[in-house]
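Shown next: input.tsv, given as TSV, C-alpha atoms and all ligand atoms.
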chain	number	residue	atom	x	y	z
A	14	MET	CA	-19.32	2.36	31.63
A	15	LYS	CA	-19.82	4.45	28.51
A	16	PHE	CA	-16.62	4.13	26.49
A	17	LYS	CA	-15.21	7.06	24.57
A	18	GLU	CA	-14.93	6.24	20.87
A	19	ARG	CA	-11.30	5.47	20.13
A	20	VAL	CA	-9.72	3.83	17.07
A	21	PHE	CA	-6.79	1.39	17.17
A	22	SER	CA	-5.15	-0.57	14.36
A	23	GLY	CA	-1.72	-1.77	13.25
A	24	MET	CA	0.35	-3.32	10.48
A	25	GLN	CA	3.26	-5.72	10.72
A	26	PRO	CA	6.73	-4.59	9.63
A	27	THR	CA	7.31	-7.89	7.85
A	28	GLY	CA	8.12	-6.23	4.53
A	29	SER	CA	6.96	-3.17	2.69
A	30	LEU	CA	3.26	-2.36	2.70
A	31	HIS	CA	1.26	-3.36	-0.35
A	32	LEU	CA	-1.89	-2.44	-2.19
A	33	GLY	CA	-3.97	-4.80	-0.02
A	34	ASN	CA	-2.86	-3.04	3.18
A	35	TYR	CA	-3.60	0.30	1.52
A	36	LEU	CA	-7.07	-0.45	0.13
A	37	GLY	CA	-8.14	-2.81	2.92
A	38	ALA	CA	-7.04	-0.76	5.92
A	39	MET	CA	-5.02	2.40	5.33
A	40	LEU	CA	-7.71	4.37	3.46
A	41	GLN	CA	-10.10	3.83	6.36
A	42	TRP	CA	-7.41	4.87	8.86
A	43	ILE	CA	-6.96	8.14	7.00
A	44	GLU	CA	-10.71	8.81	6.96
A	45	LEU	CA	-11.15	7.96	10.64
A	46	GLN	CA	-8.41	10.31	11.81
A	47	LYS	CA	-10.62	13.19	10.58
A	48	THR	CA	-13.33	12.34	13.12
A	49	HIS	CA	-11.80	10.18	15.86
A	50	GLU	CA	-8.96	9.88	18.30
A	51	CYS	CA	-6.76	7.33	16.48
A	52	ILE	CA	-3.85	5.17	17.59
A	53	TYR	CA	-1.92	3.50	14.77
A	54	CYS	CA	0.79	1.06	15.65
A	55	VAL	CA	3.65	-0.64	13.84
A	56	VAL	CA	3.20	-4.07	15.36
A	57	ASP	CA	6.82	-5.23	15.60
A	58	MET	CA	6.08	-7.79	18.33
A	59	HIS	CA	3.63	-9.49	15.98
A	60	ALA	CA	6.27	-9.48	13.25
A	61	ILE	CA	8.67	-11.68	15.25
A	62	THR	CA	6.12	-14.49	15.54
A	63	VAL	CA	7.88	-15.62	12.36
A	64	TRP	CA	11.66	-15.20	11.91
A	65	GLN	CA	12.82	-11.65	11.12
A	66	ASP	CA	16.38	-10.68	10.36
A	67	PRO	CA	17.10	-8.09	13.10
A	68	ASP	CA	18.73	-5.55	10.76
A	69	GLU	CA	15.89	-5.86	8.26
A	70	LEU	CA	13.32	-5.56	11.04
A	71	LYS	CA	14.71	-2.22	12.23
A	72	SER	CA	14.62	-0.91	8.69
A	73	ALA	CA	11.10	-2.29	8.08
A	74	ILE	CA	9.76	-0.58	11.24
A	75	ARG	CA	10.99	2.78	9.93
A	76	GLN	CA	9.83	1.96	6.42
A	77	VAL	CA	6.28	1.16	7.57
A	78	THR	CA	6.21	4.33	9.69
A	79	ALA	CA	7.34	6.35	6.68
A	80	ALA	CA	4.65	4.67	4.54
A	81	TYR	CA	2.00	5.55	7.18
A	82	ILE	CA	2.95	9.21	6.99
A	83	ALA	CA	3.42	9.22	3.22
A	84	SER	CA	-0.05	7.68	2.76
A	85	GLY	CA	-1.67	10.49	4.73
A	86	LEU	CA	-1.54	9.70	8.45
A	87	ASP	CA	-0.73	12.84	10.39
A	88	PRO	CA	1.56	12.13	13.38
A	89	LYS	CA	0.31	15.28	15.13
A	90	ARG	CA	-3.31	14.26	14.89
A	91	SER	CA	-2.97	10.46	15.28
A	92	ILE	CA	-0.64	8.57	17.60
A	93	LEU	CA	1.95	6.66	15.53
A	94	PHE	CA	4.35	4.37	17.39
A	95	ASN	CA	5.88	0.89	17.49
A	96	GLN	CA	4.33	-1.70	19.75
A	97	SER	CA	7.48	-2.94	21.54
A	98	GLU	CA	8.03	0.54	23.02
A	99	VAL	CA	4.86	0.41	25.11
A	100	ALA	CA	5.14	-2.34	27.73
A	101	ALA	CA	1.38	-2.46	28.35
A	102	HIS	CA	0.93	-4.55	25.16
A	103	ALA	CA	3.10	-7.40	26.45
A	104	GLU	CA	1.77	-7.14	30.01
A	105	LEU	CA	-1.87	-7.29	28.99
A	106	ALA	CA	-1.15	-10.01	26.42
A	107	TRP	CA	0.13	-12.26	29.22
A	108	ILE	CA	-3.02	-11.73	31.24
A	109	PHE	CA	-5.09	-12.48	28.12
A	110	ASN	CA	-3.05	-15.68	27.57
A	111	CYS	CA	-4.58	-16.72	30.88
A	112	VAL	CA	-8.11	-15.59	29.93
A	113	ALA	CA	-8.38	-16.97	26.37
A	114	ARG	CA	-9.09	-20.69	26.00
A	115	LEU	CA	-7.04	-23.18	23.98
A	116	GLY	CA	-10.16	-24.22	22.11
A	117	TRP	CA	-10.69	-20.63	20.92
A	118	LEU	CA	-7.17	-20.36	19.52
A	119	ASN	CA	-7.42	-23.79	17.91
A	120	ARG	CA	-10.14	-22.39	15.66
A	121	MET	CA	-8.03	-19.53	14.25
A	122	THR	CA	-7.70	-20.05	10.51
A	123	GLN	CA	-4.75	-17.65	10.11
A	124	PHE	CA	-2.62	-19.80	12.44
A	125	LYS	CA	-3.55	-22.90	10.45
A	126	GLU	CA	-2.63	-21.17	7.18
A	127	LYS	CA	0.62	-19.69	8.44
A	128	ALA	CA	1.80	-22.76	10.36
A	129	GLY	CA	0.83	-25.01	7.44
A	130	LYS	CA	1.88	-28.64	7.63
A	131	ASP	CA	4.84	-27.84	9.90
A	132	ARG	CA	2.62	-26.96	12.85
A	133	GLU	CA	4.91	-28.53	15.46
A	134	ASN	CA	7.65	-26.17	14.38
A	135	ALA	CA	5.57	-22.96	14.48
A	136	SER	CA	6.45	-20.49	17.25
A	137	VAL	CA	4.25	-20.34	20.33
A	138	GLY	CA	4.04	-16.62	19.59
A	139	LEU	CA	2.32	-17.29	16.28
A	140	TYR	CA	-0.26	-19.40	18.12
A	141	VAL	CA	-1.07	-16.74	20.73
A	142	TYR	CA	-0.87	-13.87	18.20
A	143	PRO	CA	-4.63	-13.13	18.53
A	144	ASN	CA	-4.25	-12.65	22.31
A	145	LEU	CA	-1.57	-10.03	21.72
A	146	MET	CA	-3.85	-8.39	19.17
A	147	ALA	CA	-6.65	-8.24	21.76
A	148	ALA	CA	-4.16	-6.65	24.18
A	149	ASP	CA	-3.10	-4.07	21.54
A	150	ILE	CA	-6.68	-2.92	21.21
A	151	LEU	CA	-7.87	-3.19	24.79
A	152	ALA	CA	-4.79	-1.60	26.38
A	153	TYR	CA	-6.35	1.62	25.04
A	154	ARG	CA	-9.98	0.55	25.50
A	155	ALA	CA	-10.31	1.11	21.76
A	156	THR	CA	-13.87	0.80	20.53
A	157	HIS	CA	-13.30	0.67	16.74
A	158	VAL	CA	-10.74	-1.34	14.78
A	159	PRO	CA	-10.42	-0.67	11.04
A	160	VAL	CA	-8.98	-3.78	9.33
A	161	GLY	CA	-9.18	-5.87	6.16
A	162	ASP	CA	-11.56	-8.80	5.94
A	163	ASP	CA	-8.86	-11.34	6.92
A	164	GLN	CA	-8.78	-9.96	10.48
A	165	LYS	CA	-12.49	-10.51	11.17
A	166	GLN	CA	-11.98	-13.75	13.09
A	167	HIS	CA	-9.22	-12.25	15.26
A	168	LEU	CA	-11.48	-9.30	16.08
A	169	GLU	CA	-14.25	-11.66	17.15
A	170	LEU	CA	-11.75	-13.33	19.47
A	171	SER	CA	-10.80	-9.93	20.92
A	172	ARG	CA	-14.46	-9.38	21.74
A	173	ASP	CA	-14.68	-12.82	23.36
A	174	ILE	CA	-11.60	-12.09	25.47
A	175	ALA	CA	-12.97	-8.69	26.57
A	176	GLN	CA	-16.29	-10.30	27.47
A	177	LYS	CA	-14.69	-13.17	29.40
A	178	PHE	CA	-12.42	-10.77	31.31
A	179	ASN	CA	-15.48	-8.66	32.21
A	180	ASN	CA	-17.33	-11.80	33.39
A	181	ASP	CA	-14.46	-13.56	35.20
A	182	PHE	CA	-13.50	-10.47	37.21
A	183	LYS	CA	-16.99	-8.94	37.50
A	184	GLN	CA	-16.94	-8.76	41.30
A	185	TRP	CA	-13.55	-7.02	41.42
A	186	ILE	CA	-14.38	-4.78	38.46
A	187	GLU	CA	-17.48	-3.59	40.32
A	188	LYS	CA	-15.45	-3.12	43.48
A	189	ALA	CA	-13.10	-0.89	41.45
A	190	GLY	CA	-16.09	1.37	40.73
A	191	TYR	CA	-17.41	0.05	37.40
A	192	VAL	CA	-20.99	-0.43	38.49
A	193	ASP	CA	-22.11	-2.13	35.28
A	194	GLY	CA	-19.13	-4.54	35.34
A	195	ASN	CA	-17.86	-3.39	31.97
A	196	PHE	CA	-14.13	-2.92	32.33
A	197	PHE	CA	-13.35	-3.39	28.65
A	198	PRO	CA	-15.48	-2.39	25.65
A	199	LEU	CA	-16.28	-5.04	23.03
A	200	PRO	CA	-14.32	-3.59	20.10
A	201	GLU	CA	-16.17	-3.20	16.79
A	202	PRO	CA	-14.48	-4.29	13.56
A	203	VAL	CA	-14.65	-1.60	10.86
A	204	ILE	CA	-14.31	-3.53	7.61
A	205	THR	CA	-15.42	-0.92	5.12
A	206	GLY	CA	-12.34	-0.19	2.99
A	207	PRO	CA	-12.93	0.17	-0.76
A	208	ALA	CA	-11.47	-3.34	-1.25
A	209	THR	CA	-11.58	-5.37	1.95
A	210	ARG	CA	-9.79	-8.40	0.47
A	211	VAL	CA	-7.32	-7.73	-2.33
A	212	MET	CA	-6.09	-10.96	-3.90
A	213	SER	CA	-2.66	-12.03	-5.16
A	214	LEU	CA	-1.85	-10.98	-8.73
A	215	ARG	CA	-0.60	-14.55	-9.35
A	216	ASP	CA	-3.56	-16.42	-7.85
A	217	GLY	CA	-6.99	-14.84	-7.49
A	218	THR	CA	-7.94	-17.26	-4.72
A	219	LYS	CA	-5.11	-16.22	-2.34
A	220	LYS	CA	-4.93	-12.91	-0.50
A	221	MET	CA	-2.25	-10.41	-1.48
A	222	SER	CA	0.33	-10.70	1.28
A	223	LYS	CA	3.73	-9.34	2.31
A	224	SER	CA	5.01	-12.82	3.04
A	225	ASP	CA	4.17	-14.35	-0.36
A	226	PRO	CA	7.54	-15.52	-1.73
A	227	SER	CA	6.70	-14.10	-5.16
A	228	ASP	CA	7.13	-10.32	-5.36
A	229	LEU	CA	5.06	-10.47	-8.57
A	230	SER	CA	2.04	-11.40	-6.43
A	231	ARG	CA	1.72	-7.91	-4.93
A	232	ILE	CA	2.13	-4.22	-5.67
A	233	ASN	CA	4.28	-2.68	-2.95
A	234	LEU	CA	3.72	0.92	-1.94
A	235	THR	CA	7.42	1.42	-2.74
A	236	ASP	CA	7.32	0.03	-6.31
A	237	ASP	CA	8.33	2.41	-9.12
A	238	ALA	CA	6.21	2.98	-12.23
A	239	ASP	CA	8.03	0.38	-14.36
A	240	THR	CA	7.74	-2.29	-11.68
A	241	ILE	CA	4.01	-1.61	-11.23
A	242	ALA	CA	3.43	-1.79	-15.00
A	243	LYS	CA	5.43	-5.04	-15.25
A	244	LYS	CA	3.58	-6.68	-12.35
A	245	ILE	CA	0.17	-5.76	-13.75
A	246	GLN	CA	1.14	-6.88	-17.21
A	247	LYS	CA	2.23	-10.25	-15.78
A	248	ALA	CA	-0.85	-10.58	-13.55
A	249	LYS	CA	-2.69	-13.85	-14.11
A	250	THR	CA	-5.92	-13.54	-16.12
A	251	ASP	CA	-8.12	-15.79	-18.24
A	252	PRO	CA	-8.50	-15.77	-22.04
A	253	GLU	CA	-11.99	-14.17	-22.13
A	254	PRO	CA	-12.51	-10.41	-22.61
A	255	LEU	CA	-13.95	-8.45	-19.67
A	256	PRO	CA	-17.70	-8.89	-19.15
A	257	SER	CA	-20.12	-5.96	-19.27
A	258	GLU	CA	-21.99	-7.01	-16.14
A	259	LEU	CA	-21.00	-8.06	-12.63
A	260	LYS	CA	-22.38	-11.59	-12.94
A	261	GLY	CA	-19.91	-12.17	-15.78
A	262	LEU	CA	-17.12	-12.07	-13.16
A	263	ASP	CA	-18.49	-15.17	-11.40
A	264	GLY	CA	-15.92	-17.96	-11.40
A	265	ARG	CA	-13.23	-15.58	-12.70
A	266	PRO	CA	-11.32	-14.66	-9.50
A	267	GLU	CA	-8.37	-12.98	-11.24
A	268	ALA	CA	-10.61	-10.82	-13.43
A	269	GLU	CA	-12.75	-9.92	-10.43
A	270	ASN	CA	-9.68	-8.96	-8.43
A	271	LEU	CA	-8.27	-6.63	-11.11
A	272	VAL	CA	-11.65	-5.00	-11.66
A	273	GLY	CA	-12.00	-4.60	-7.89
A	274	ILE	CA	-8.57	-2.94	-7.62
A	275	TYR	CA	-9.41	-0.56	-10.47
A	276	ALA	CA	-12.77	0.32	-8.89
A	277	ALA	CA	-11.25	0.91	-5.45
A	278	LEU	CA	-8.46	3.13	-6.75
A	279	ALA	CA	-10.80	5.09	-9.04
A	280	GLY	CA	-13.43	5.49	-6.29
A	281	ARG	CA	-16.06	3.87	-8.55
A	282	SER	CA	-18.21	0.74	-8.34
A	283	LYS	CA	-17.18	-2.45	-10.14
A	284	ALA	CA	-20.36	-2.18	-12.24
A	285	LYS	CA	-19.30	1.27	-13.48
A	286	VAL	CA	-15.83	-0.04	-14.35
A	287	LEU	CA	-17.41	-2.86	-16.36
A	288	GLU	CA	-19.68	-0.37	-18.13
A	289	GLU	CA	-16.53	1.28	-19.41
A	290	PHE	CA	-14.32	-1.76	-20.05
A	291	GLY	CA	-16.91	-4.51	-20.83
A	292	GLY	CA	-15.81	-6.32	-24.02
A	293	ALA	CA	-12.21	-5.03	-23.77
A	294	GLN	CA	-9.24	-7.39	-23.84
A	295	PHE	CA	-7.11	-7.62	-20.71
A	296	SER	CA	-4.15	-6.02	-22.51
A	297	ALA	CA	-6.05	-2.71	-22.81
A	298	PHE	CA	-7.54	-2.94	-19.32
A	299	LYS	CA	-4.20	-3.74	-17.72
A	300	LYS	CA	-2.64	-0.69	-19.37
A	301	ALA	CA	-5.35	1.56	-17.88
A	302	LEU	CA	-5.01	-0.16	-14.49
A	303	ALA	CA	-1.23	0.30	-14.45
A	304	GLU	CA	-1.62	4.02	-15.23
A	305	LEU	CA	-4.15	4.42	-12.43
A	306	CYS	CA	-1.93	2.57	-9.93
A	307	VAL	CA	1.07	4.71	-10.83
A	308	GLU	CA	-1.02	7.88	-10.51
A	309	LYS	CA	-2.30	6.92	-7.04
A	310	LEU	CA	0.73	5.14	-5.58
A	311	GLY	CA	3.61	7.06	-7.21
A	312	PRO	CA	3.39	10.05	-4.83
A	313	ILE	CA	3.32	7.70	-1.79
A	314	ALA	CA	6.48	5.91	-2.96
A	315	ALA	CA	8.25	9.22	-3.58
A	316	GLU	CA	7.29	10.62	-0.17
A	317	THR	CA	8.27	7.38	1.62
A	318	LYS	CA	11.68	7.57	-0.03
A	319	ARG	CA	12.07	11.21	1.02
A	320	LEU	CA	11.14	10.41	4.63
A	321	MET	CA	13.48	7.40	4.75
A	322	ALA	CA	16.40	9.67	3.95
A	323	ASP	CA	16.07	11.04	7.51
A	324	PRO	CA	15.66	8.04	9.85
A	325	ALA	CA	16.32	10.19	12.93
A	326	GLU	CA	13.15	12.16	12.19
A	327	ILE	CA	11.15	8.91	11.87
A	328	ASP	CA	12.57	7.80	15.22
A	329	ARG	CA	11.44	11.09	16.74
A	330	VAL	CA	7.90	10.53	15.48
A	331	LEU	CA	7.91	7.02	16.99
A	332	ALA	CA	9.33	8.22	20.31
A	333	SER	CA	6.73	10.95	20.64
A	334	GLY	CA	3.92	8.54	19.65
A	335	SER	CA	5.10	5.94	22.18
A	336	GLU	CA	5.08	8.55	24.92
A	337	ARG	CA	1.52	9.58	24.08
A	338	ALA	CA	0.45	5.92	23.88
A	339	ARG	CA	1.95	5.17	27.33
A	340	VAL	CA	-0.05	8.03	28.83
A	341	ILE	CA	-3.28	6.33	27.74
A	342	ALA	CA	-2.33	2.69	28.36
A	343	GLY	CA	-0.48	3.20	31.66
A	344	PRO	CA	-3.49	3.88	33.93
A	345	ILE	CA	-5.56	1.18	32.19
A	346	ILE	CA	-2.94	-1.54	32.74
A	347	ALA	CA	-2.49	-0.39	36.36
A	348	GLU	CA	-6.23	-0.90	36.94
A	349	VAL	CA	-6.09	-4.29	35.22
A	350	LYS	CA	-3.37	-5.36	37.66
A	351	ASP	CA	-5.50	-4.25	40.61
A	352	VAL	CA	-8.52	-6.10	39.27
A	353	VAL	CA	-6.66	-9.40	38.73
A	354	GLY	CA	-5.13	-9.18	42.21
A	355	PHE	CA	-1.53	-8.18	41.63
A	356	VAL	CA	0.24	-6.05	44.24
A	357	ARG	CA	1.64	-2.86	42.73
A	358	SER	CA	4.60	-1.06	44.29
B	401	LIG	N1	-4.85	-8.57	0.77
B	401	LIG	C1	-5.42	-7.74	1.63
B	401	LIG	N2	-6.58	-7.12	1.32
B	401	LIG	C2	-7.16	-6.25	2.20
B	401	LIG	N3	-6.63	-5.95	3.41
B	401	LIG	C3	-5.47	-6.55	3.75
B	401	LIG	N4	-4.70	-6.48	4.84
B	401	LIG	C4	-3.61	-7.27	4.68
B	401	LIG	N5	-3.66	-7.88	3.50
B	401	LIG	C5	-4.79	-7.46	2.89
B	401	LIG	C6	-4.98	-5.65	5.99
B	401	LIG	O1	-3.85	-4.84	6.25
B	401	LIG	C7	-3.73	-4.65	7.66
B	401	LIG	C8	-2.35	-4.96	8.11
B	401	LIG	O2	-2.05	-6.30	7.90
B	401	LIG	P1	-0.80	-6.92	8.62
B	401	LIG	O3	0.41	-6.35	8.05
B	401	LIG	O4	-0.88	-6.77	10.08
B	401	LIG	O5	-0.87	-8.45	8.48
B	401	LIG	P2	-1.50	-9.36	7.47
B	401	LIG	O6	-2.97	-9.23	7.54
B	401	LIG	O7	-1.05	-10.72	7.74
B	401	LIG	O8	-0.94	-8.78	6.13
B	401	LIG	P3	0.02	-9.45	5.19
B	401	LIG	O9	0.35	-8.47	4.17
B	401	LIG	O10	-0.56	-10.74	4.71
B	401	LIG	O11	1.33	-9.71	6.06
B	401	LIG	P4	2.09	-11.05	6.34
B	401	LIG	O12	2.31	-11.65	5.02
B	401	LIG	O13	3.33	-10.64	7.03
B	401	LIG	O14	1.21	-11.88	7.20
B	401	LIG	C9	-4.79	-5.53	8.32
B	401	LIG	O15	-5.89	-4.70	8.66
B	401	LIG	C10	-5.18	-6.49	7.25
B	401	LIG	O16	-6.51	-6.91	7.38

What does the file become when written as structure tokens?
Ligand code: AQP
Amino acid sequence: MKFKERVFSGMQPTGSLHLGNYLGAMLQWIELQKTHECIYCVVDMHAITVWQDPDELKSAIRQVTAAYIASGLDPKRSILFNQSEVAAHAELAWIFNCVARLGWLNRMTQFKEKAGKDRENASVGLYVYPNLMAADILAYRATHVPVGDDQKQHLELSRDIAQKFNNDFKQWIEKAGYVDGNFFPLPEPVITGPATRVMSLRDGTKKMSKSDPSDLSRINLTDDADTIAKKIQKAKTDPEPLPSELKGLDGRPEAENLVGIYAALAGRSKAKVLEEFGGAQFSAFKKALAELCVEKLGPIAAETKRLMADPAEIDRVLASGSERARVIAGPIIAEVKDVVGFVRS
């Protein structure tokens, strides 16, 4: 079967979105909506794989939706909704729990990082998170998934699950009229954001993350100008001035990260940034970086705040998006049930 090009991606409402989410994923989402049918989800079911305060979760779902719109996603053009409102995600995830192999999940580095030493105490949901992610994508037969670099391994697993489903049920898939046996596409990762892995401002070897206990480690899309300036000023660096050439960043992860953020926000290459700032002290560079961040992120924070003043309108956007998402996923999940041998009434 020739699959129609369709884009799917999502972010977890585990806190407010940050610069890593924006540069690693969101900018690609905005570009892709100009050329493709796009489905962008607030993945609230993924969020509860680690404890979420229920009141904060409700607010975070609306906050992330507002940040989507404020960043430039158009709810008329793209489908924006929250995952738990479309039952096909959970239904397909269960079937994929029965397709994916334990050995595959045991190799997932994100589970190992998130579960840490207290593995026995991690939720089962956290362990099977990648199966739900495969279901998110394949419930729409999405062909392209724009994500940051950290999601590469999960995307490979989604492809493995799609392939195994196509193989395991080949005979019944063909009987259902798919002569080439391809029920699901093998979704392509699109990892082409201007900064595919933005690192923590406190430790250049760790990715910037919503769940880092230190708020100084990240720039949130809701931070005001003073907070952004303070965080950049406090960002970890080394004592050397900035190099004039790229190879001078080797072994200097914090310097490389800040230069990368500047380059991504300015739409320039790191080499060009170093041409301008090579030899400068970090104090001067950080000042320029803070100004650039405020210029680019300030309008998003202001618009998010404006949208959050009317939560009923955000809920309307989500309701309409969920309805449109169900229209696509409904017939696909019905066919999946037929193929695996369930009786539908
Ligand atoms: N630091 C990052 N650099 C580039 N891209 C990033 N992404 C996340 N962090 C970075 C990308 O943003 C999208 C949404 O991510 P997510 O919210 O679903 O989950 P995550 O990857 O686990 O992000 P966080 O911020 O680290 O959340 P927590 O702390 O809750 O786990 C994805 O496309 C991701 O690649």

Ligand LIG 401 (chain B), all listed atoms, 3 Å padding on each side: what axis-aligned box centre and edge lengths in Å to one decimal come out, as JSON?
{"center_x": -1.9, "center_y": -8.3, "center_z": 5.4, "size_x": 16.5, "size_y": 13.2, "size_z": 15.3}

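CA of Glu104 (chain A) sits 9.4 Å away from CA of Lys350 (chain A).
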
Show me, as JSON lines, the residues of region 174-225 of chain A having an atom within 9 Å of region 41-47 of chain A, each with the closest atom pair and its distance in Å, using only C-alpha atoms.
{"residue": "A:Val203", "atom": "CA", "partner": "A:Gln41", "partner_atom": "CA", "distance": 8.4}
{"residue": "A:Ile204", "atom": "CA", "partner": "A:Gln41", "partner_atom": "CA", "distance": 8.6}
{"residue": "A:Thr205", "atom": "CA", "partner": "A:Gln41", "partner_atom": "CA", "distance": 7.2}
{"residue": "A:Gly206", "atom": "CA", "partner": "A:Gln41", "partner_atom": "CA", "distance": 5.7}
{"residue": "A:Pro207", "atom": "CA", "partner": "A:Gln41", "partner_atom": "CA", "distance": 8.5}

How would you write, as a VMD selection string, the set of residues no farther than 9 Å from ligand LIG 401 (chain B) when counting only C-alpha atoms and all ligand atoms? chain A and resid 22 to 39 55 to 56 59 to 60 63 123 127 158 to 165 204 206 208 to 213 219 to 225 231

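Remark: for Ile241 (chain A), the closest of the candidate residues A:Val20, A:Gln76, A:Cys306, A:Pro324 is A:Cys306 (distances computed over all atoms listed in the file).
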